[in-house]
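Novice: Following this line is target_25.csv, made up of CSV, C-alpha atoms:
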chain,number,residue,atom,x,y,z
A,60,MET,CA,-7.1,-71.2,7.5
A,61,THR,CA,-10.5,-72.0,9.1
A,62,ILE,CA,-13.5,-72.9,7.0
A,63,GLN,CA,-16.9,-71.8,8.4
A,64,ARG,CA,-20.2,-73.1,6.9
A,65,LEU,CA,-23.6,-71.4,7.1
A,66,HIS,CA,-26.5,-73.9,7.3
A,67,PRO,CA,-24.6,-77.0,6.2
A,68,GLY,CA,-26.7,-79.8,4.8
A,69,SER,CA,-26.1,-83.2,3.4
A,70,ARG,CA,-25.5,-81.9,-0.1
A,71,MET,CA,-24.2,-78.3,0.4
A,72,SER,CA,-24.0,-75.2,2.6
A,73,GLU,CA,-25.8,-72.0,2.1
A,74,ALA,CA,-22.5,-70.2,2.3
A,75,VAL,CA,-18.8,-71.0,3.1
A,76,ARG,CA,-16.3,-68.6,4.5
A,77,ILE,CA,-12.6,-69.1,4.0
A,78,GLY,CA,-10.6,-66.3,5.5
A,79,ASP,CA,-11.9,-63.0,4.2
A,80,ILE,CA,-13.9,-64.5,1.4
A,81,VAL,CA,-17.5,-65.8,1.4
A,82,PHE,CA,-18.9,-68.1,-1.3
A,83,LEU,CA,-22.7,-68.3,-1.5
A,84,ALA,CA,-24.4,-71.3,-2.9
A,85,GLY,CA,-26.4,-70.7,-6.1
A,86,GLN,CA,-29.4,-68.6,-5.2
A,87,ILE,CA,-32.6,-69.6,-6.9
A,88,PRO,CA,-36.2,-68.2,-7.0
A,89,ASP,CA,-38.9,-69.6,-4.7
A,90,ASP,CA,-41.7,-69.4,-7.3
A,91,LEU,CA,-40.7,-71.2,-10.5
A,92,THR,CA,-43.9,-70.1,-12.2
A,93,GLY,CA,-43.0,-66.4,-12.1
A,94,ASP,CA,-41.6,-64.4,-15.0
A,95,ILE,CA,-38.0,-63.3,-15.2
A,96,ALA,CA,-38.6,-60.1,-13.2
A,97,LYS,CA,-40.3,-61.9,-10.3
A,98,GLN,CA,-37.7,-64.7,-10.3
A,99,THR,CA,-34.8,-62.2,-10.4
A,100,ARG,CA,-36.3,-60.1,-7.5
A,101,GLU,CA,-36.6,-63.3,-5.4
A,102,VAL,CA,-33.0,-64.3,-6.1
A,103,LEU,CA,-31.7,-60.9,-5.2
A,104,ASP,CA,-33.9,-60.9,-2.1
A,105,ASN,CA,-32.3,-64.2,-1.2
A,106,ILE,CA,-28.8,-62.8,-1.7
A,107,ASP,CA,-29.7,-59.8,0.5
A,108,ALA,CA,-31.0,-62.2,3.2
A,109,VAL,CA,-27.9,-64.4,3.2
A,110,MET,CA,-25.5,-61.4,3.2
A,111,ALA,CA,-27.5,-59.9,6.1
A,112,GLU,CA,-27.3,-63.2,8.0
A,113,LEU,CA,-23.5,-63.1,7.5
A,114,GLY,CA,-23.5,-59.5,8.9
A,115,GLY,CA,-22.9,-57.8,5.5
A,116,SER,CA,-24.7,-56.3,2.6
A,117,LYS,CA,-24.6,-56.1,-1.2
A,118,ALA,CA,-21.8,-53.6,-0.8
A,119,ASP,CA,-19.6,-56.5,0.3
A,120,ILE,CA,-20.3,-58.5,-3.0
A,121,ALA,CA,-17.2,-58.8,-5.2
A,122,SER,CA,-18.5,-61.0,-8.0
A,123,VAL,CA,-21.8,-62.5,-9.3
A,124,GLN,CA,-22.3,-65.2,-11.9
A,125,VAL,CA,-25.8,-64.9,-13.4
A,126,TRP,CA,-27.2,-68.0,-15.1
A,127,LEU,CA,-30.2,-67.7,-17.3
A,128,SER,CA,-32.1,-70.6,-18.8
A,129,ASP,CA,-33.0,-68.4,-21.8
A,130,MET,CA,-30.8,-65.5,-22.9
A,131,SER,CA,-33.8,-63.6,-24.2
A,132,ASP,CA,-34.5,-62.9,-20.5
A,133,PHE,CA,-31.3,-60.8,-20.3
A,134,GLN,CA,-33.0,-57.4,-20.6
A,135,GLY,CA,-35.7,-58.4,-18.1
A,136,MET,CA,-33.1,-59.6,-15.6
A,137,ASN,CA,-31.0,-56.5,-16.1
A,138,ALA,CA,-34.0,-54.2,-15.4
A,139,VAL,CA,-34.4,-55.7,-12.0
A,140,TRP,CA,-30.7,-55.9,-11.4
A,141,ASP,CA,-30.2,-52.3,-12.2
A,142,ALA,CA,-32.8,-51.2,-9.6
A,143,TRP,CA,-31.1,-53.5,-7.0
A,144,VAL,CA,-27.3,-53.0,-7.5
A,145,ASP,CA,-25.5,-50.5,-5.3
A,146,PRO,CA,-24.2,-48.0,-7.8
A,147,ALA,CA,-21.3,-47.0,-5.5
A,148,ASN,CA,-20.2,-50.7,-5.1
A,149,PRO,CA,-21.1,-52.6,-8.3
A,150,PRO,CA,-19.7,-56.1,-8.3
A,151,ALA,CA,-17.9,-57.8,-11.2
A,152,ARG,CA,-20.5,-59.8,-13.1
A,153,ALA,CA,-20.8,-62.4,-15.8
A,154,THR,CA,-24.0,-63.7,-17.4
A,155,CYS,CA,-24.4,-66.9,-19.4
A,156,GLY,CA,-27.2,-69.1,-20.8
A,157,VAL,CA,-27.4,-72.6,-19.3
A,158,ALA,CA,-29.8,-75.5,-18.7
A,159,LEU,CA,-30.9,-74.9,-15.1
A,160,ALA,CA,-31.6,-77.8,-12.7
A,161,ARG,CA,-35.4,-77.4,-12.4
A,162,PRO,CA,-38.2,-76.9,-14.9
A,163,GLY,CA,-39.5,-73.3,-14.7
A,164,MET,CA,-36.3,-72.0,-13.2
A,165,ARG,CA,-35.2,-69.0,-15.2
A,166,VAL,CA,-32.3,-67.6,-13.2
A,167,GLU,CA,-29.7,-68.6,-10.7
A,168,MET,CA,-27.0,-66.4,-9.2
A,169,ILE,CA,-23.7,-67.3,-7.5
A,170,VAL,CA,-22.0,-64.8,-5.3
A,171,VAL,CA,-18.4,-64.3,-4.0
A,172,ALA,CA,-18.2,-61.6,-1.3
A,173,ARG,CA,-15.9,-60.0,1.2
A,174,ALA,CA,-16.5,-61.6,4.6
A,175,PRO,CA,-18.0,-59.0,6.8
A,176,LYS,CA,-16.0,-58.3,10.0
So that I can check it, write out the structure of this file as structure tokens.
Specialist:
Amino acid sequence: MTIQRLHPGSRMSEAVRIGDIVFLAGQIPDDLTGDIAKQTREVLDNIDAVMAELGGSKADIASVQVWLSDMSDFQGMNAVWDAWVDPANPPARATCGVALARPGMRVEMIVVARAPK
């Protein structure tokens, strides 16, 4: 089975395709000073951009792991998520509280998707 990498770097790739499955690297916000709504929108915009570059969309997403630095942001993240998610194709999802890699980062999301044809 062939492995294809999107934008490979010295540490990681933006996405990796193995057969019919695509694994996106953790998507993070650009502005670490923003509130949870702004950071969540940026992360979801990043996911949309990577999926589009792969030739797909959020309808191809099978699973999302949402990591929050503070679980009190859960409702704020969900408000943005609910406006973004495709109601006809909602992915499986899990959310947990973790210590994220950078100060100010409130949310990170990891996506597993169907590889667009």
Novice: Would you mind telling me which residue in A:Gly68, A:Leu127, A:Val109, A:Met164 lies nearest to Thr92 in chain A when using all atoms listed in the file?
Specialist: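 That would be A:Met164, the residue with the smallest distance to Thr92 in chain A.
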Novice: Would you list the contacts of Ala138 in chain A as a compact mmCIF listing (two decimals) with C-alpha atoms, keeping the file's coordinate frame, taking every protein, DNA or RNA residue within 10 Å and counting only C-alpha atoms, but skipping same-chain residues closer than 4 positions in sequence?
Specialist:
# COMPACT_ATOMS: atom_id res chain seq x y z
CA ILE A 95 -38.00 -63.30 -15.20
CA ALA A 96 -38.60 -60.10 -13.20
CA THR A 99 -34.80 -62.20 -10.40
CA PHE A 133 -31.30 -60.80 -20.30
CA GLN A 134 -33.00 -57.40 -20.60
CA ALA A 142 -32.80 -51.20 -9.60
CA TRP A 143 -31.10 -53.50 -7.00
Novice: So, with all atoms listed in the file as the atoms that count, which of A:Cys155, A:Ile62, A:Ala118, A:Val144 lies closest to Leu103 in chain A?
Specialist: A:Val144
Novice: I need the residue nearest Asp107 in chain A from this list: A:Val166, A:Ala172, A:Ala160, A:Met136. Use only C-alpha atoms for the distance.
Specialist: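 Smallest distance to Asp107 in chain A is found for A:Ala172.
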Novice: Can you tell me, as a VMD selection string, what residues are no more than 6 Å from Pro150 in chain A when counting all atoms listed in the file, ignoring any on the same chain fewer than 6 positions away?
Specialist: chain A and resid 120 to 122
Novice: Please determine, counting all atoms listed in the file, which residue among A:Val75, A:Leu83, A:Asp119, A:Ala153 has the shortest atom-to-atom distance to Asn105 in chain A.
Specialist: A:Leu83
Novice: Fewer than 6 positions away in the same chain doesn't count, so skip those; otherwise give me all residues within 12 Å of Glu112 in chain A, counting only C-alpha atoms, as a list in words.
Specialist: Leu65, His66, Glu73, Ala74, Leu83, Asn105, Ile106, Ala174 and Pro175 of chain A
Novice: Mind dumping the selected residues with C-alpha atoms as an mmCIF file, keeping the file's coordinate frame?
Specialist:
data_model
loop_
_atom_site.group_PDB
_atom_site.id
_atom_site.type_symbol
_atom_site.label_atom_id
_atom_site.label_comp_id
_atom_site.auth_asym_id
_atom_site.auth_seq_id
_atom_site.Cartn_x
_atom_site.Cartn_y
_atom_site.Cartn_z
ATOM 1 C CA LEU A 65 -23.600 -71.400 7.100
ATOM 2 C CA HIS A 66 -26.500 -73.900 7.300
ATOM 3 C CA GLU A 73 -25.800 -72.000 2.100
ATOM 4 C CA ALA A 74 -22.500 -70.200 2.300
ATOM 5 C CA LEU A 83 -22.700 -68.300 -1.500
ATOM 6 C CA ASN A 105 -32.300 -64.200 -1.200
ATOM 7 C CA ILE A 106 -28.800 -62.800 -1.700
ATOM 8 C CA ALA A 174 -16.500 -61.600 4.600
ATOM 9 C CA PRO A 175 -18.000 -59.000 6.800
#
Novice: Could I see range 102-127 of chain A restored to N, CA, C and O atoms, set down as a PDB file, in the frame of the given file?
Specialist:
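Listed below is the output, part_27.pdb:
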ATOM      1  N   VAL A 102     -34.429 -63.939  -6.267  1.00  0.00           N
ATOM      2  CA  VAL A 102     -33.000 -64.300  -6.100  1.00  0.00           C
ATOM      3  C   VAL A 102     -32.232 -63.216  -5.438  1.00  0.00           C
ATOM      4  O   VAL A 102     -31.450 -63.478  -4.517  1.00  0.00           O
ATOM      5  N   LEU A 103     -32.437 -61.976  -5.847  1.00  0.00           N
ATOM      6  CA  LEU A 103     -31.700 -60.900  -5.200  1.00  0.00           C
ATOM      7  C   LEU A 103     -32.145 -60.675  -3.772  1.00  0.00           C
ATOM      8  O   LEU A 103     -31.306 -60.366  -2.915  1.00  0.00           O
ATOM      9  N   ASP A 104     -33.413 -60.894  -3.467  1.00  0.00           N
ATOM     10  CA  ASP A 104     -33.900 -60.900  -2.100  1.00  0.00           C
ATOM     11  C   ASP A 104     -33.174 -61.951  -1.255  1.00  0.00           C
ATOM     12  O   ASP A 104     -32.785 -61.738  -0.103  1.00  0.00           O
ATOM     13  N   ASN A 105     -33.017 -63.141  -1.844  1.00  0.00           N
ATOM     14  CA  ASN A 105     -32.300 -64.200  -1.200  1.00  0.00           C
ATOM     15  C   ASN A 105     -30.861 -63.878  -0.910  1.00  0.00           C
ATOM     16  O   ASN A 105     -30.320 -64.166   0.168  1.00  0.00           O
ATOM     17  N   ILE A 106     -30.218 -63.253  -1.895  1.00  0.00           N
ATOM     18  CA  ILE A 106     -28.800 -62.800  -1.700  1.00  0.00           C
ATOM     19  C   ILE A 106     -28.745 -61.810  -0.579  1.00  0.00           C
ATOM     20  O   ILE A 106     -27.884 -61.918   0.296  1.00  0.00           O
ATOM     21  N   ASP A 107     -29.652 -60.830  -0.573  1.00  0.00           N
ATOM     22  CA  ASP A 107     -29.700 -59.800   0.500  1.00  0.00           C
ATOM     23  C   ASP A 107     -29.833 -60.523   1.864  1.00  0.00           C
ATOM     24  O   ASP A 107     -29.157 -60.157   2.833  1.00  0.00           O
ATOM     25  N   ALA A 108     -30.705 -61.523   1.939  1.00  0.00           N
ATOM     26  CA  ALA A 108     -31.000 -62.200   3.200  1.00  0.00           C
ATOM     27  C   ALA A 108     -29.736 -62.980   3.691  1.00  0.00           C
ATOM     28  O   ALA A 108     -29.385 -62.921   4.875  1.00  0.00           O
ATOM     29  N   VAL A 109     -29.067 -63.687   2.791  1.00  0.00           N
ATOM     30  CA  VAL A 109     -27.900 -64.400   3.200  1.00  0.00           C
ATOM     31  C   VAL A 109     -26.769 -63.477   3.602  1.00  0.00           C
ATOM     32  O   VAL A 109     -26.104 -63.672   4.625  1.00  0.00           O
ATOM     33  N   MET A 110     -26.572 -62.406   2.839  1.00  0.00           N
ATOM     34  CA  MET A 110     -25.500 -61.400   3.200  1.00  0.00           C
ATOM     35  C   MET A 110     -25.849 -60.797   4.552  1.00  0.00           C
ATOM     36  O   MET A 110     -24.942 -60.600   5.360  1.00  0.00           O
ATOM     37  N   ALA A 111     -27.109 -60.490   4.824  1.00  0.00           N
ATOM     38  CA  ALA A 111     -27.500 -59.900   6.100  1.00  0.00           C
ATOM     39  C   ALA A 111     -27.214 -60.918   7.245  1.00  0.00           C
ATOM     40  O   ALA A 111     -26.720 -60.536   8.309  1.00  0.00           O
ATOM     41  N   GLU A 112     -27.525 -62.182   7.015  1.00  0.00           N
ATOM     42  CA  GLU A 112     -27.300 -63.200   8.000  1.00  0.00           C
ATOM     43  C   GLU A 112     -25.774 -63.312   8.329  1.00  0.00           C
ATOM     44  O   GLU A 112     -25.373 -63.602   9.457  1.00  0.00           O
ATOM     45  N   LEU A 113     -24.958 -63.072   7.322  1.00  0.00           N
ATOM     46  CA  LEU A 113     -23.500 -63.100   7.500  1.00  0.00           C
ATOM     47  C   LEU A 113     -22.985 -61.805   8.140  1.00  0.00           C
ATOM     48  O   LEU A 113     -21.810 -61.710   8.476  1.00  0.00           O
ATOM     49  N   GLY A 114     -23.858 -60.799   8.264  1.00  0.00           N
ATOM     50  CA  GLY A 114     -23.500 -59.500   8.900  1.00  0.00           C
ATOM     51  C   GLY A 114     -23.015 -58.501   7.828  1.00  0.00           C
ATOM     52  O   GLY A 114     -22.403 -57.502   8.176  1.00  0.00           O
ATOM     53  N   GLY A 115     -23.338 -58.744   6.567  1.00  0.00           N
ATOM     54  CA  GLY A 115     -22.900 -57.800   5.500  1.00  0.00           C
ATOM     55  C   GLY A 115     -24.077 -57.357   4.664  1.00  0.00           C
ATOM     56  O   GLY A 115     -25.239 -57.455   5.058  1.00  0.00           O
ATOM     57  N   SER A 116     -23.748 -56.863   3.479  1.00  0.00           N
ATOM     58  CA  SER A 116     -24.700 -56.300   2.600  1.00  0.00           C
ATOM     59  C   SER A 116     -24.237 -56.504   1.127  1.00  0.00           C
ATOM     60  O   SER A 116     -23.121 -56.971   0.902  1.00  0.00           O
ATOM     61  N   LYS A 117     -25.044 -56.052   0.188  1.00  0.00           N
ATOM     62  CA  LYS A 117     -24.600 -56.100  -1.200  1.00  0.00           C
ATOM     63  C   LYS A 117     -23.377 -55.310  -1.496  1.00  0.00           C
ATOM     64  O   LYS A 117     -22.677 -55.570  -2.469  1.00  0.00           O
ATOM     65  N   ALA A 118     -23.052 -54.345  -0.641  1.00  0.00           N
ATOM     66  CA  ALA A 118     -21.800 -53.600  -0.800  1.00  0.00           C
ATOM     67  C   ALA A 118     -20.582 -54.448  -0.620  1.00  0.00           C
ATOM     68  O   ALA A 118     -19.498 -54.088  -1.083  1.00  0.00           O
ATOM     69  N   ASP A 119     -20.738 -55.618   0.027  1.00  0.00           N
ATOM     70  CA  ASP A 119     -19.600 -56.500   0.300  1.00  0.00           C
ATOM     71  C   ASP A 119     -19.426 -57.522  -0.900  1.00  0.00           C
ATOM     72  O   ASP A 119     -18.462 -58.285  -0.905  1.00  0.00           O
ATOM     73  N   ILE A 120     -20.326 -57.518  -1.863  1.00  0.00           N
ATOM     74  CA  ILE A 120     -20.300 -58.500  -3.000  1.00  0.00           C
ATOM     75  C   ILE A 120     -19.179 -58.087  -3.958  1.00  0.00           C
ATOM     76  O   ILE A 120     -19.149 -56.967  -4.457  1.00  0.00           O
ATOM     77  N   ALA A 121     -18.299 -59.034  -4.258  1.00  0.00           N
ATOM     78  CA  ALA A 121     -17.200 -58.800  -5.200  1.00  0.00           C
ATOM     79  C   ALA A 121     -17.548 -59.250  -6.613  1.00  0.00           C
ATOM     80  O   ALA A 121     -17.183 -58.610  -7.589  1.00  0.00           O
ATOM     81  N   SER A 122     -18.257 -60.382  -6.709  1.00  0.00           N
ATOM     82  CA  SER A 122     -18.500 -61.000  -8.000  1.00  0.00           C
ATOM     83  C   SER A 122     -19.808 -61.751  -8.010  1.00  0.00           C
ATOM     84  O   SER A 122     -20.154 -62.386  -6.999  1.00  0.00           O
ATOM     85  N   VAL A 123     -20.529 -61.698  -9.136  1.00  0.00           N
ATOM     86  CA  VAL A 123     -21.800 -62.500  -9.300  1.00  0.00           C
ATOM     87  C   VAL A 123     -21.748 -63.148 -10.653  1.00  0.00           C
ATOM     88  O   VAL A 123     -21.437 -62.525 -11.668  1.00  0.00           O
ATOM     89  N   GLN A 124     -22.065 -64.424 -10.639  1.00  0.00           N
ATOM     90  CA  GLN A 124     -22.300 -65.200 -11.900  1.00  0.00           C
ATOM     91  C   GLN A 124     -23.822 -65.297 -12.018  1.00  0.00           C
ATOM     92  O   GLN A 124     -24.489 -65.789 -11.104  1.00  0.00           O
ATOM     93  N   VAL A 125     -24.363 -64.837 -13.138  1.00  0.00           N
ATOM     94  CA  VAL A 125     -25.800 -64.900 -13.400  1.00  0.00           C
ATOM     95  C   VAL A 125     -25.988 -65.988 -14.470  1.00  0.00           C
ATOM     96  O   VAL A 125     -25.385 -65.921 -15.545  1.00  0.00           O
ATOM     97  N   TRP A 126     -26.827 -66.950 -14.149  1.00  0.00           N
ATOM     98  CA  TRP A 126     -27.200 -68.000 -15.100  1.00  0.00           C
ATOM     99  C   TRP A 126     -28.615 -67.863 -15.510  1.00  0.00           C
ATOM    100  O   TRP A 126     -29.503 -67.814 -14.653  1.00  0.00           O
ATOM    101  N   LEU A 127     -28.856 -67.774 -16.793  1.00  0.00           N
ATOM    102  CA  LEU A 127     -30.200 -67.700 -17.300  1.00  0.00           C
ATOM    103  C   LEU A 127     -30.529 -68.905 -18.158  1.00  0.00           C
ATOM    104  O   LEU A 127     -29.689 -69.354 -18.944  1.00  0.00           O
TER     105      LEU A 127
END
